[in-house]
$ cat query.cif   # mmCIF, C-alpha atoms
data_run
#
loop_
_atom_site.group_PDB
_atom_site.id
_atom_site.type_symbol
_atom_site.label_atom_id
_atom_site.label_comp_id
_atom_site.auth_asym_id
_atom_site.auth_seq_id
_atom_site.Cartn_x
_atom_site.Cartn_y
_atom_site.Cartn_z
ATOM 1 C CA MET M 2 18.066 17.289 11.910
ATOM 2 C CA LYS M 3 19.743 19.656 9.499
ATOM 3 C CA ALA M 4 23.329 18.534 8.946
ATOM 4 C CA LEU M 5 26.128 19.871 6.792
ATOM 5 C CA ARG M 6 28.694 17.723 4.991
ATOM 6 C CA THR M 7 32.117 19.178 4.227
ATOM 7 C CA PRO M 8 33.062 18.657 0.560
ATOM 8 C CA ASP M 9 35.724 16.007 0.024
ATOM 9 C CA SER M 10 37.811 18.564 -1.846
ATOM 10 C CA CYS M 11 38.492 20.351 1.446
ATOM 11 C CA PHE M 12 40.543 17.349 2.592
ATOM 12 C CA ALA M 13 42.791 17.036 -0.449
ATOM 13 C CA ASN M 14 46.561 17.101 0.004
ATOM 14 C CA LEU M 15 46.678 17.561 3.771
ATOM 15 C CA PRO M 16 50.254 17.287 5.080
ATOM 16 C CA ASP M 17 51.290 13.904 6.525
ATOM 17 C CA TYR M 18 47.758 12.568 6.201
ATOM 18 C CA ASP M 19 47.353 9.715 3.754
ATOM 19 C CA PHE M 20 44.662 7.552 5.286
ATOM 20 C CA GLU M 21 41.643 6.001 3.599
ATOM 21 C CA PRO M 22 38.295 7.344 4.824
ATOM 22 C CA HIS M 23 35.622 4.977 6.133
ATOM 23 C CA TYR M 24 32.015 5.813 6.930
ATOM 24 C CA LEU M 25 29.053 4.451 8.813
ATOM 25 C CA MET M 26 25.639 5.808 9.693
ATOM 26 C CA VAL M 27 24.572 6.459 13.257
ATOM 27 C CA ASP M 28 20.897 6.631 14.022
ATOM 28 C CA ASP M 29 19.202 9.299 16.071
ATOM 29 C CA SER M 30 15.769 7.997 16.973
ATOM 30 C CA GLU M 31 14.264 11.474 16.805
ATOM 31 C CA ASP M 32 15.989 13.071 13.852
ATOM 32 C CA GLY M 33 17.287 10.449 11.444
ATOM 33 C CA GLU M 34 20.838 9.447 10.622
ATOM 34 C CA LEU M 35 24.239 11.070 10.493
ATOM 35 C CA ARG M 36 27.273 9.901 8.554
ATOM 36 C CA VAL M 37 30.315 9.395 10.773
ATOM 37 C CA HIS M 38 33.819 9.224 9.369
ATOM 38 C CA TYR M 39 36.517 7.029 10.889
ATOM 39 C CA LEU M 40 39.988 5.763 10.117
ATOM 40 C CA ASP M 41 40.607 2.022 10.272
ATOM 41 C CA GLU M 42 44.288 1.204 9.868
ATOM 42 C CA GLY M 43 46.373 -1.878 10.572
ATOM 43 C CA PRO M 44 45.471 -5.595 10.658
ATOM 44 C CA ARG M 45 41.739 -6.171 11.121
ATOM 45 C CA ASP M 46 42.303 -9.202 13.357
ATOM 46 C CA ALA M 47 44.510 -7.330 15.845
ATOM 47 C CA GLU M 48 43.222 -5.951 19.138
ATOM 48 C CA PRO M 49 41.897 -2.461 18.398
ATOM 49 C CA VAL M 50 43.180 0.846 19.706
ATOM 50 C CA LEU M 51 40.393 3.425 19.748
ATOM 51 C CA LEU M 52 41.618 7.023 19.505
ATOM 52 C CA LEU M 53 39.039 9.646 20.471
ATOM 53 C CA HIS M 54 39.734 13.300 19.758
ATOM 54 C CA GLY M 55 38.253 16.331 21.432
ATOM 55 C CA GLU M 56 37.359 19.952 20.777
ATOM 56 C CA PRO M 57 37.781 21.487 18.184
ATOM 57 C CA SER M 58 40.102 18.979 16.502
ATOM 58 C CA TRP M 59 39.485 15.886 14.376
ATOM 59 C CA CYS M 60 41.284 12.618 13.698
ATOM 60 C CA TYR M 61 44.016 14.527 11.830
ATOM 61 C CA LEU M 62 45.318 15.050 15.378
ATOM 62 C CA TYR M 63 46.418 11.392 15.458
ATOM 63 C CA ARG M 64 48.387 11.304 12.196
ATOM 64 C CA LYS M 65 51.758 11.110 14.037
ATOM 65 C CA MET M 66 50.636 8.290 16.315
ATOM 66 C CA ILE M 67 48.843 5.987 13.889
ATOM 67 C CA PRO M 68 51.924 4.730 11.960
ATOM 68 C CA ILE M 69 53.727 3.876 15.212
ATOM 69 C CA LEU M 70 50.743 1.956 16.551
ATOM 70 C CA ILE M 71 50.365 0.084 13.255
ATOM 71 C CA ALA M 72 54.082 -0.792 13.226
ATOM 72 C CA ALA M 73 53.598 -2.350 16.668
ATOM 73 C CA GLY M 74 50.923 -4.627 15.220
ATOM 74 C CA HIS M 75 47.782 -2.856 16.352
ATOM 75 C CA ARG M 76 44.543 -2.064 14.561
ATOM 76 C CA VAL M 77 43.769 1.640 14.942
ATOM 77 C CA ILE M 78 40.264 3.127 14.883
ATOM 78 C CA ALA M 79 40.002 6.924 14.918
ATOM 79 C CA PRO M 80 36.503 8.371 14.446
ATOM 80 C CA ASP M 81 35.554 11.978 13.869
ATOM 81 C CA LEU M 82 32.868 13.090 16.289
ATOM 82 C CA PRO M 83 29.744 14.427 14.573
ATOM 83 C CA GLY M 84 30.343 18.116 14.012
ATOM 84 C CA PHE M 85 34.049 17.613 13.333
ATOM 85 C CA GLY M 86 36.386 16.353 10.627
ATOM 86 C CA ARG M 87 34.768 14.446 7.791
ATOM 87 C CA SER M 88 31.697 13.503 9.852
ATOM 88 C CA ASP M 89 28.366 15.199 9.259
ATOM 89 C CA LYS M 90 27.858 18.412 11.208
ATOM 90 C CA PRO M 91 24.503 19.099 12.858
ATOM 91 C CA ALA M 92 23.888 22.712 11.936
ATOM 92 C CA VAL M 93 21.746 23.727 14.918
ATOM 93 C CA ARG M 94 23.687 24.172 18.130
ATOM 94 C CA THR M 95 21.038 22.630 20.339
ATOM 95 C CA ASP M 96 21.220 19.417 18.309
ATOM 96 C CA HIS M 97 24.593 18.874 19.996
ATOM 97 C CA THR M 98 24.082 17.393 23.456
ATOM 98 C CA TYR M 99 26.458 15.442 25.642
ATOM 99 C CA GLN M 100 24.179 12.400 25.640
ATOM 100 C CA ARG M 101 23.747 12.426 21.888
ATOM 101 C CA HIS M 102 27.511 12.389 21.358
ATOM 102 C CA VAL M 103 27.859 9.463 23.759
ATOM 103 C CA ASP M 104 25.077 7.656 21.905
ATOM 104 C CA TRP M 105 26.621 8.345 18.504
ATOM 105 C CA MET M 106 29.986 6.939 19.595
ATOM 106 C CA GLN M 107 28.200 4.002 21.223
ATOM 107 C CA SER M 108 26.746 3.235 17.796
ATOM 108 C CA VAL M 109 30.239 3.319 16.278
ATOM 109 C CA LEU M 110 31.481 0.938 18.972
ATOM 110 C CA ASP M 111 28.574 -1.435 18.362
ATOM 111 C CA GLN M 112 28.687 -1.377 14.567
ATOM 112 C CA LEU M 113 32.418 -2.048 14.455
ATOM 113 C CA GLU M 114 31.955 -4.830 17.039
ATOM 114 C CA LEU M 115 35.057 -3.745 18.936
ATOM 115 C CA THR M 116 36.236 -5.932 21.822
ATOM 116 C CA ASN M 117 39.436 -6.111 23.888
ATOM 117 C CA THR M 118 39.791 -2.462 23.019
ATOM 118 C CA THR M 119 42.438 -0.064 24.262
ATOM 119 C CA LEU M 120 41.046 3.462 24.531
ATOM 120 C CA PHE M 121 43.197 6.548 24.262
ATOM 121 C CA CYS M 122 41.184 9.684 24.916
ATOM 122 C CA GLN M 123 42.019 13.378 25.092
ATOM 123 C CA ASP M 124 39.883 16.427 25.881
ATOM 124 C CA TRP M 125 36.231 15.656 24.917
ATOM 125 C CA GLY M 126 37.455 12.239 23.833
ATOM 126 C CA GLY M 127 37.626 11.499 27.557
ATOM 127 C CA LEU M 128 34.276 13.033 28.435
ATOM 128 C CA ILE M 129 32.727 10.715 25.868
ATOM 129 C CA GLY M 130 35.171 7.810 25.973
ATOM 130 C CA LEU M 131 35.176 7.330 29.736
ATOM 131 C CA ARG M 132 31.398 7.157 29.622
ATOM 132 C CA LEU M 133 31.701 4.425 26.978
ATOM 133 C CA VAL M 134 34.148 2.503 29.162
ATOM 134 C CA ALA M 135 31.866 2.728 32.181
ATOM 135 C CA GLU M 136 28.812 1.675 30.181
ATOM 136 C CA ASN M 137 30.595 -1.089 28.219
ATOM 137 C CA PRO M 138 33.268 -2.432 30.567
ATOM 138 C CA ASP M 139 33.438 -5.803 28.809
ATOM 139 C CA LYS M 140 34.419 -4.172 25.509
ATOM 140 C CA PHE M 141 37.534 -2.474 26.889
ATOM 141 C CA ALA M 142 40.783 -4.079 28.003
ATOM 142 C CA ARG M 143 42.772 -0.953 28.866
ATOM 143 C CA VAL M 144 42.403 2.820 29.095
ATOM 144 C CA ALA M 145 44.947 5.577 28.531
ATOM 145 C CA ALA M 146 43.841 9.118 29.361
ATOM 146 C CA GLY M 147 45.672 12.226 28.212
ATOM 147 C CA ASN M 148 44.706 15.770 29.160
ATOM 148 C CA THR M 149 41.109 14.928 29.954
ATOM 149 C CA MET M 150 38.662 14.354 32.783
ATOM 150 C CA LEU M 151 35.109 13.184 33.442
ATOM 151 C CA PRO M 152 33.515 16.169 35.193
ATOM 152 C CA THR M 153 30.329 15.975 37.213
ATOM 153 C CA GLY M 154 29.891 19.648 38.076
ATOM 154 C CA ASP M 155 30.739 19.002 41.708
ATOM 155 C CA TYR M 156 34.022 20.919 41.495
ATOM 156 C CA ASP M 157 35.146 24.266 40.119
ATOM 157 C CA PRO M 158 36.600 23.707 36.627
ATOM 158 C CA GLY M 159 39.183 26.451 37.164
ATOM 159 C CA GLU M 160 39.868 29.890 35.740
ATOM 160 C CA SER M 161 41.585 28.657 32.568
ATOM 161 C CA PHE M 162 38.551 26.628 31.550
ATOM 162 C CA ARG M 163 36.133 29.446 32.392
ATOM 163 C CA LYS M 164 38.131 31.832 30.195
ATOM 164 C CA TRP M 165 38.088 29.314 27.336
ATOM 165 C CA GLN M 166 34.361 28.769 27.774
ATOM 166 C CA GLN M 167 33.682 32.517 27.653
ATOM 167 C CA PHE M 168 35.944 33.022 24.657
ATOM 168 C CA SER M 169 34.204 30.243 22.733
ATOM 169 C CA GLN M 170 30.881 32.002 23.102
ATOM 170 C CA ASP M 171 32.036 35.583 22.532
ATOM 171 C CA THR M 172 34.518 35.373 19.669
ATOM 172 C CA PRO M 173 32.884 36.502 16.416
ATOM 173 C CA LYS M 174 34.940 34.027 14.385
ATOM 174 C CA PHE M 175 35.828 30.617 15.787
ATOM 175 C CA ARG M 176 39.275 30.160 14.248
ATOM 176 C CA VAL M 177 39.781 26.432 14.766
ATOM 177 C CA GLY M 178 43.348 26.121 13.514
ATOM 178 C CA SER M 179 44.504 29.107 15.529
ATOM 179 C CA ILE M 180 42.789 27.752 18.640
ATOM 180 C CA ILE M 181 44.646 24.461 18.290
ATOM 181 C CA ASN M 182 47.903 26.301 17.651
ATOM 182 C CA SER M 183 47.368 28.248 20.881
ATOM 183 C CA GLY M 184 47.010 24.940 22.756
ATOM 184 C CA THR M 185 50.395 23.563 21.737
ATOM 185 C CA THR M 186 53.914 24.248 22.988
ATOM 186 C CA THR M 187 55.207 24.221 19.419
ATOM 187 C CA GLU M 188 54.326 26.667 16.668
ATOM 188 C CA LEU M 189 52.341 24.778 14.043
ATOM 189 C CA PRO M 190 53.150 25.270 10.358
ATOM 190 C CA GLN M 191 50.501 27.158 8.431
ATOM 191 C CA ALA M 192 49.727 24.038 6.400
ATOM 192 C CA VAL M 193 48.852 22.159 9.594
ATOM 193 C CA ILE M 194 46.726 25.041 10.844
ATOM 194 C CA ASP M 195 44.948 24.976 7.486
ATOM 195 C CA ALA M 196 44.362 21.219 7.888
ATOM 196 C CA TYR M 197 42.563 21.833 11.165
ATOM 197 C CA ASN M 198 40.471 24.487 9.445
ATOM 198 C CA ALA M 199 39.679 22.163 6.519
ATOM 199 C CA PRO M 200 36.466 20.623 7.958
ATOM 200 C CA PHE M 201 34.905 24.070 8.427
ATOM 201 C CA PRO M 202 34.435 25.979 5.146
ATOM 202 C CA ASP M 203 32.537 28.725 6.980
ATOM 203 C CA GLU M 204 31.102 29.551 10.406
ATOM 204 C CA SER M 205 27.899 27.581 9.772
ATOM 205 C CA TYR M 206 29.912 24.335 10.046
ATOM 206 C CA LYS M 207 31.167 25.202 13.546
ATOM 207 C CA GLU M 208 28.024 24.902 15.658
ATOM 208 C CA GLY M 209 29.335 21.788 17.397
ATOM 209 C CA ALA M 210 32.703 23.368 18.023
ATOM 210 C CA ARG M 211 31.039 26.363 19.637
ATOM 211 C CA GLN M 212 28.582 24.271 21.640
ATOM 212 C CA PHE M 213 31.013 21.777 23.171
ATOM 213 C CA PRO M 214 32.550 24.160 25.746
ATOM 214 C CA ILE M 215 29.168 24.881 27.327
ATOM 215 C CA LEU M 216 28.224 21.182 27.411
ATOM 216 C CA VAL M 217 30.961 20.466 29.962
ATOM 217 C CA PRO M 218 29.265 19.942 33.333
ATOM 218 C CA THR M 219 30.297 22.803 35.618
ATOM 219 C CA THR M 220 27.346 22.754 38.035
ATOM 220 C CA THR M 221 25.489 19.928 39.739
ATOM 221 C CA ASP M 222 22.243 20.699 37.913
ATOM 222 C CA ASP M 223 23.826 19.899 34.546
ATOM 223 C CA PRO M 224 21.902 17.279 32.508
ATOM 224 C CA ALA M 225 25.003 15.049 32.375
ATOM 225 C CA THR M 226 25.843 15.182 36.078
ATOM 226 C CA GLU M 227 24.003 12.065 37.200
ATOM 227 C CA ASP M 228 25.181 9.962 34.259
ATOM 228 C CA ASN M 229 28.777 11.018 34.864
ATOM 229 C CA ARG M 230 28.465 10.264 38.572
ATOM 230 C CA ALA M 231 27.167 6.817 37.637
ATOM 231 C CA ALA M 232 30.171 6.375 35.336
ATOM 232 C CA TRP M 233 32.501 7.271 38.198
ATOM 233 C CA ARG M 234 30.873 4.611 40.360
ATOM 234 C CA THR M 235 31.901 2.057 37.735
ATOM 235 C CA LEU M 236 35.349 3.571 37.201
ATOM 236 C CA SER M 237 35.965 3.502 40.954
ATOM 237 C CA LYS M 238 35.818 -0.307 40.662
ATOM 238 C CA TRP M 239 37.775 -0.512 37.384
ATOM 239 C CA ASN M 240 40.657 -2.931 37.953
ATOM 240 C CA LYS M 241 41.822 -3.290 34.358
ATOM 241 C CA PRO M 242 44.944 -1.328 33.351
ATOM 242 C CA PHE M 243 44.446 2.438 33.306
ATOM 243 C CA ILE M 244 47.269 4.900 32.655
ATOM 244 C CA THR M 245 47.482 8.697 32.623
ATOM 245 C CA LEU M 246 49.688 10.331 29.984
ATOM 246 C CA PHE M 247 49.346 14.078 30.482
ATOM 247 C CA GLY M 248 51.290 16.997 29.036
ATOM 248 C CA ASP M 249 53.223 19.265 31.357
ATOM 249 C CA SER M 250 51.881 22.479 29.809
ATOM 250 C CA ASP M 251 48.090 22.267 29.845
ATOM 251 C CA PRO M 252 46.487 24.642 32.375
ATOM 252 C CA VAL M 253 42.982 23.387 31.586
ATOM 253 C CA THR M 254 43.354 19.725 32.627
ATOM 254 C CA ALA M 255 46.369 19.942 34.968
ATOM 255 C CA GLY M 256 45.744 17.804 38.048
ATOM 256 C CA GLY M 257 43.123 15.612 36.432
ATOM 257 C CA ASP M 258 45.643 12.805 36.270
ATOM 258 C CA ARG M 259 46.080 12.869 40.051
ATOM 259 C CA ILE M 260 42.329 12.565 40.569
ATOM 260 C CA MET M 261 42.108 9.538 38.279
ATOM 261 C CA ARG M 262 45.086 7.869 39.954
ATOM 262 C CA LYS M 263 43.426 8.396 43.319
ATOM 263 C CA LEU M 264 39.967 7.115 42.358
ATOM 264 C CA ILE M 265 40.510 4.378 39.747
ATOM 265 C CA PRO M 266 42.091 1.171 41.106
ATOM 266 C CA GLY M 267 43.377 0.094 37.688
ATOM 267 C CA THR M 268 45.850 2.981 37.788
ATOM 268 C CA GLN M 269 47.943 1.214 40.434
ATOM 269 C CA ASN M 270 51.415 0.076 39.374
ATOM 270 C CA GLN M 271 51.202 1.766 35.966
ATOM 271 C CA ALA M 272 53.924 3.951 34.452
ATOM 272 C CA HIS M 273 52.022 7.230 34.609
ATOM 273 C CA THR M 274 53.885 9.939 32.749
ATOM 274 C CA ILE M 275 53.907 13.716 32.602
ATOM 275 C CA ILE M 276 55.149 14.335 29.075
ATOM 276 C CA ALA M 277 57.645 17.182 28.767
ATOM 277 C CA ASP M 278 56.774 19.976 26.335
ATOM 278 C CA GLY M 279 53.261 18.680 25.891
ATOM 279 C CA GLY M 280 50.493 21.258 25.603
ATOM 280 C CA HIS M 281 46.779 20.613 25.632
ATOM 281 C CA PHE M 282 47.054 19.024 22.182
ATOM 282 C CA LEU M 283 49.950 16.826 23.197
ATOM 283 C CA GLN M 284 49.366 14.628 20.141
ATOM 284 C CA GLU M 285 50.733 17.548 18.113
ATOM 285 C CA ASP M 286 53.631 18.402 20.414
ATOM 286 C CA GLN M 287 54.700 14.885 21.394
ATOM 287 C CA GLY M 288 52.774 12.513 19.153
ATOM 288 C CA GLU M 289 55.650 10.102 18.558
ATOM 289 C CA ASN M 290 56.575 9.950 22.254
ATOM 290 C CA LEU M 291 52.933 9.542 23.224
ATOM 291 C CA ALA M 292 52.480 6.681 20.749
ATOM 292 C CA ALA M 293 55.602 4.928 22.084
ATOM 293 C CA LEU M 294 54.271 5.192 25.637
ATOM 294 C CA LEU M 295 50.928 3.801 24.507
ATOM 295 C CA VAL M 296 52.606 0.874 22.726
ATOM 296 C CA LYS M 297 54.599 0.081 25.876
ATOM 297 C CA PHE M 298 51.491 0.326 28.056
ATOM 298 C CA ILE M 299 49.700 -2.229 25.894
ATOM 299 C CA ALA M 300 52.719 -4.544 25.784
ATOM 300 C CA ASP M 301 53.171 -4.345 29.559
ATOM 301 C CA ASN M 302 49.522 -5.240 30.154
ATOM 302 C CA PRO M 303 48.620 -8.181 27.880
ATOM 303 C CA THR M 304 45.094 -9.538 27.924
ATOM 304 C CA SER M 305 46.281 -13.128 28.153
#
$ encode --input "query.cif" --output "structure tokens"
Amino acid sequence: MKALRTPDSCFANLPDYDFEPHYLMVDDSEDGELRVHYLDEGPRDAEPVLLLHGEPSWCYLYRKMIPILIAAGHRVIAPDLPGFGRSDKPAVRTDHTYQRHVDWMQSVLDQLELTNTTLFCQDWGGLIGLRLVAENPDKFARVAAGNTMLPTGDYDPGESFRKWQQFSQDTPKFRVGSIINSGTTTELPQAVIDAYNAPFPDESYKEGARQFPILVPTTTDDPATEDNRAAWRTLSKWNKPFITLFGDSDPVTAGGDRIMRKLIPGTQNQAHTIIADGGHFLQEDQGENLAALLVKFIADNPTS
């Protein structure tokens, strides 16, 4: 597998981002290893909070939340998916598959030996993270889902998603920072937009970012359909705490929270919240509020 590695110099002096990088290698049985970057903040003996980002962001998205979670006594793990952030970037689009990304994050979960984990997932963080929960139920104590879903292709994804999918394939330049800015209710400073562009020195680094939109199952013949249906069969019996924390201004995932509350028994009696002035990237718009809600969710649902 041909993979690109963004130079460290690209990540120098990013605003409000002063976290130590950590790395591990994930194995692909066919094509060798990839280096995956992750943040690991807070006390190592605390119950972990796993923060999974989506498309086309990276763990910079969680910079507002991490200090609040640490102050509450939690260990915070925030990986960059391969193809994003400081992780290696497979340079051929077809090397990015849904199953491979699940497997790569499974390797991270296994190598870090995470247990009693609280997952927060957004966008593709949910498509991958909810699969991990379903396939490793004993490793997770709680789940918080924000602006995400686990699609099977059985239902129409909606016009907003179809437009995004088409745009991602047709645009001659995939302007990551501008895309994220367009998915927020607030106007991001140029320095923050530049930080989202930092992992991608040129278009050759963006093959994963371009591929992700067409990996979302939208028809029942999608390669991921059966695995996602199997995950839903597990989630439909999930009785551990599960909360939805969605923004009020995301046309792509609007309504996904209602589906999860209907189908997942662990959602009962939780303080589900629609967060005001929260766009698709609600971690940018309402990161501090989102972190406070996540801290309360954990405190309200102790493991012992």
$ closest_residue --input "query.cif" --among "M:Gly267, M:Gly86, M:Gly184, M:Pro173" --to "Ser161 of chain M" --atoms "only C-alpha atoms"
M:Gly184
$ resolve_selection --input "query.cif" --expression "the PyMOL selection byres ((chain M and resi 294) around 12)" --output "compact mmCIF listing (two decimals) with C-alpha atoms, in the frame of the given file"
# COMPACT_ATOMS: atom_id res chain seq x y z
CA MET M 66 50.64 8.29 16.32
CA ILE M 69 53.73 3.88 15.21
CA LEU M 70 50.74 1.96 16.55
CA ALA M 73 53.60 -2.35 16.67
CA PHE M 121 43.20 6.55 24.26
CA ALA M 145 44.95 5.58 28.53
CA ALA M 146 43.84 9.12 29.36
CA GLY M 147 45.67 12.23 28.21
CA ILE M 244 47.27 4.90 32.66
CA THR M 245 47.48 8.70 32.62
CA LEU M 246 49.69 10.33 29.98
CA PHE M 247 49.35 14.08 30.48
CA GLN M 271 51.20 1.77 35.97
CA ALA M 272 53.92 3.95 34.45
CA HIS M 273 52.02 7.23 34.61
CA THR M 274 53.88 9.94 32.75
CA ILE M 275 53.91 13.72 32.60
CA ILE M 276 55.15 14.34 29.08
CA GLN M 284 49.37 14.63 20.14
CA GLN M 287 54.70 14.88 21.39
CA GLY M 288 52.77 12.51 19.15
CA GLU M 289 55.65 10.10 18.56
CA ASN M 290 56.58 9.95 22.25
CA LEU M 291 52.93 9.54 23.22
CA ALA M 292 52.48 6.68 20.75
CA ALA M 293 55.60 4.93 22.08
CA LEU M 295 50.93 3.80 24.51
CA VAL M 296 52.61 0.87 22.73
CA LYS M 297 54.60 0.08 25.88
CA PHE M 298 51.49 0.33 28.06
CA ILE M 299 49.70 -2.23 25.89
CA ALA M 300 52.72 -4.54 25.78
CA ASP M 301 53.17 -4.34 29.56
$ resolve_selection --input "query.cif" --expression "the PyMOL selection byres ((chain M and resi 22) around 9)" --output "list in words"
Phe20, Glu21, His23, Tyr24, His38, Tyr39, Leu40, Asp41 and Arg87 of chain M
$ write_last_selection --input "query.cif" --atoms "C-alpha atoms" --output "short mmCIF file (atom, residue, chain, number, x, y, z; two decimals), in the frame of the given file"
data_model
loop_
_atom_site.label_atom_id
_atom_site.label_comp_id
_atom_site.auth_asym_id
_atom_site.auth_seq_id
_atom_site.Cartn_x
_atom_site.Cartn_y
_atom_site.Cartn_z
CA PHE M 20 44.66 7.55 5.29
CA GLU M 21 41.64 6.00 3.60
CA HIS M 23 35.62 4.98 6.13
CA TYR M 24 32.02 5.81 6.93
CA HIS M 38 33.82 9.22 9.37
CA TYR M 39 36.52 7.03 10.89
CA LEU M 40 39.99 5.76 10.12
CA ASP M 41 40.61 2.02 10.27
CA ARG M 87 34.77 14.45 7.79
#
$ resolve_selection --input "query.cif" --expression "the PyMOL selection byres ((chain M and resi 96-104) around 7)" --output "ChimeraX atom specification"
/M:91,93-95,105-108,129,209,212,216,225
$ residues_near_point --input "query.cif" --point "(33.7, 14.8, 12.3)" --cutoff "12 Å" --atoms "all atoms listed in the file" --output "ChimeraX atom specification"
/M:4-7,22-25,35-40,53-61,79-91,102,105-106,197,199-201,206-207,209-210
$ closest_residue --input "query.cif" --among "M:Val27, M:Val50, M:Ala135, M:Cys11" --to "Leu236 of chain M" --atoms "all atoms listed in the file"
M:Ala135
$ atom_distance --input "query.cif" --atom1 "atom CA of Asp278 of chain M" --atom2 "atom CA of Leu62 of chain M"
16.6 Å
$ closest_residue --input "query.cif" --among "M:Leu113, M:Leu264, M:Leu120, M:Ile215" --to "Ser169 of chain M" --atoms "all atoms listed in the file"
M:Ile215
$ axis_aligned_box --input "query.cif" --around "segment 6-15 of chain M" --padding-each-side "8 Å" --output "lines of an AutoDock Vina configuration file"
center_x = 37.7
center_y = 18.2
center_z = 1.6
size_x = 34.0
size_y = 20.3
size_z = 22.8
$ atom_distance --input "query.cif" --atom1 "atom CA of Asp9 of chain M" --atom2 "atom CA of Asn198 of chain M"
13.5 Å
$ atom_distance --input "query.cif" --atom1 "atom CA of Trp165 of chain M" --atom2 "atom CA of Ile181 of chain M"
12.2 Å
$ closest_residue --input "query.cif" --among "M:Glu48, M:Asn182, M:Gly256, M:Pro214" --to "Ser305 of chain M" --atoms "only C-alpha atoms"
M:Glu48
$ closest_residue --input "query.cif" --among "M:Asp223, M:Asp17, M:Asp171, M:Asp258" --to "Asp155 of chain M" --atoms "all atoms listed in the file"
M:Asp223
$ closest_residue --input "query.cif" --among "M:Asp111, M:Asp157, M:Asp203, M:Asp124" --to "Asn137 of chain M" --atoms "all atoms listed in the file"
M:Asp111
$ residues_around --input "query.cif" --residues "Pro158 of chain M" --least-positions-apart "6" --cutoff "10 Å" --atoms "only C-alpha atoms" --output "ChimeraX atom specification"
/M:152,217-220,253-254
$ residues_around --input "query.cif" --residues "Arg76 of chain M" --least-positions-apart "2" --cutoff "8 Å" --atoms "all atoms listed in the file" --output "PyMOL selection string"
chain M and resi 41-50+70-71+74+78
$ build_atoms --input "query.cif" --residues "segment 57-61 of chain M" --atoms "all heavy atoms" --output "mmCIF file, in the coordinates of the input"
data_model
loop_
_atom_site.group_PDB
_atom_site.id
_atom_site.type_symbol
_atom_site.label_atom_id
_atom_site.label_comp_id
_atom_site.auth_asym_id
_atom_site.auth_seq_id
_atom_site.Cartn_x
_atom_site.Cartn_y
_atom_site.Cartn_z
ATOM 1 N N PRO M 57 38.591 21.598 19.388
ATOM 2 C CA PRO M 57 37.781 21.487 18.184
ATOM 3 C C PRO M 57 38.533 20.738 17.077
ATOM 4 O O PRO M 57 38.490 21.128 15.917
ATOM 5 C CB PRO M 57 37.581 22.961 17.801
ATOM 6 C CG PRO M 57 38.926 23.592 18.149
ATOM 7 C CD PRO M 57 39.444 22.821 19.352
ATOM 8 N N SER M 58 39.244 19.690 17.442
ATOM 9 C CA SER M 58 40.102 18.979 16.502
ATOM 10 C C SER M 58 39.324 17.895 15.752
ATOM 11 O O SER M 58 38.105 17.813 15.831
ATOM 12 C CB SER M 58 41.300 18.374 17.231
ATOM 13 O OG SER M 58 40.877 17.436 18.192
ATOM 14 N N TRP M 59 40.059 17.060 15.034
ATOM 15 C CA TRP M 59 39.485 15.886 14.376
ATOM 16 C C TRP M 59 40.575 14.842 14.286
ATOM 17 O O TRP M 59 41.648 15.021 14.868
ATOM 18 C CB TRP M 59 38.860 16.240 13.026
ATOM 19 C CG TRP M 59 39.754 16.834 11.975
ATOM 20 C CD1 TRP M 59 40.337 18.065 11.990
ATOM 21 C CD2 TRP M 59 40.135 16.232 10.729
ATOM 22 N NE1 TRP M 59 41.058 18.279 10.842
ATOM 23 C CE2 TRP M 59 40.958 17.170 10.041
ATOM 24 C CE3 TRP M 59 39.855 15.009 10.117
ATOM 25 C CZ2 TRP M 59 41.508 16.910 8.781
ATOM 26 C CZ3 TRP M 59 40.392 14.756 8.856
ATOM 27 C CH2 TRP M 59 41.207 15.694 8.209
ATOM 28 N N CYS M 60 40.328 13.715 13.629
ATOM 29 C CA CYS M 60 41.284 12.618 13.698
ATOM 30 C C CYS M 60 42.619 12.931 13.025
ATOM 31 O O CYS M 60 43.586 12.185 13.202
ATOM 32 C CB CYS M 60 40.687 11.324 13.157
ATOM 33 S SG CYS M 60 40.331 11.322 11.384
ATOM 34 N N TYR M 61 42.720 14.045 12.314
ATOM 35 C CA TYR M 61 44.016 14.527 11.830
ATOM 36 C C TYR M 61 45.000 14.655 12.995
ATOM 37 O O TYR M 61 46.213 14.505 12.814
ATOM 38 C CB TYR M 61 43.821 15.877 11.146
ATOM 39 C CG TYR M 61 45.077 16.459 10.536
ATOM 40 C CD1 TYR M 61 45.580 15.967 9.338
ATOM 41 C CD2 TYR M 61 45.754 17.515 11.145
ATOM 42 C CE1 TYR M 61 46.730 16.503 8.762
ATOM 43 C CE2 TYR M 61 46.900 18.059 10.587
ATOM 44 C CZ TYR M 61 47.381 17.548 9.395
ATOM 45 O OH TYR M 61 48.525 18.080 8.838
#
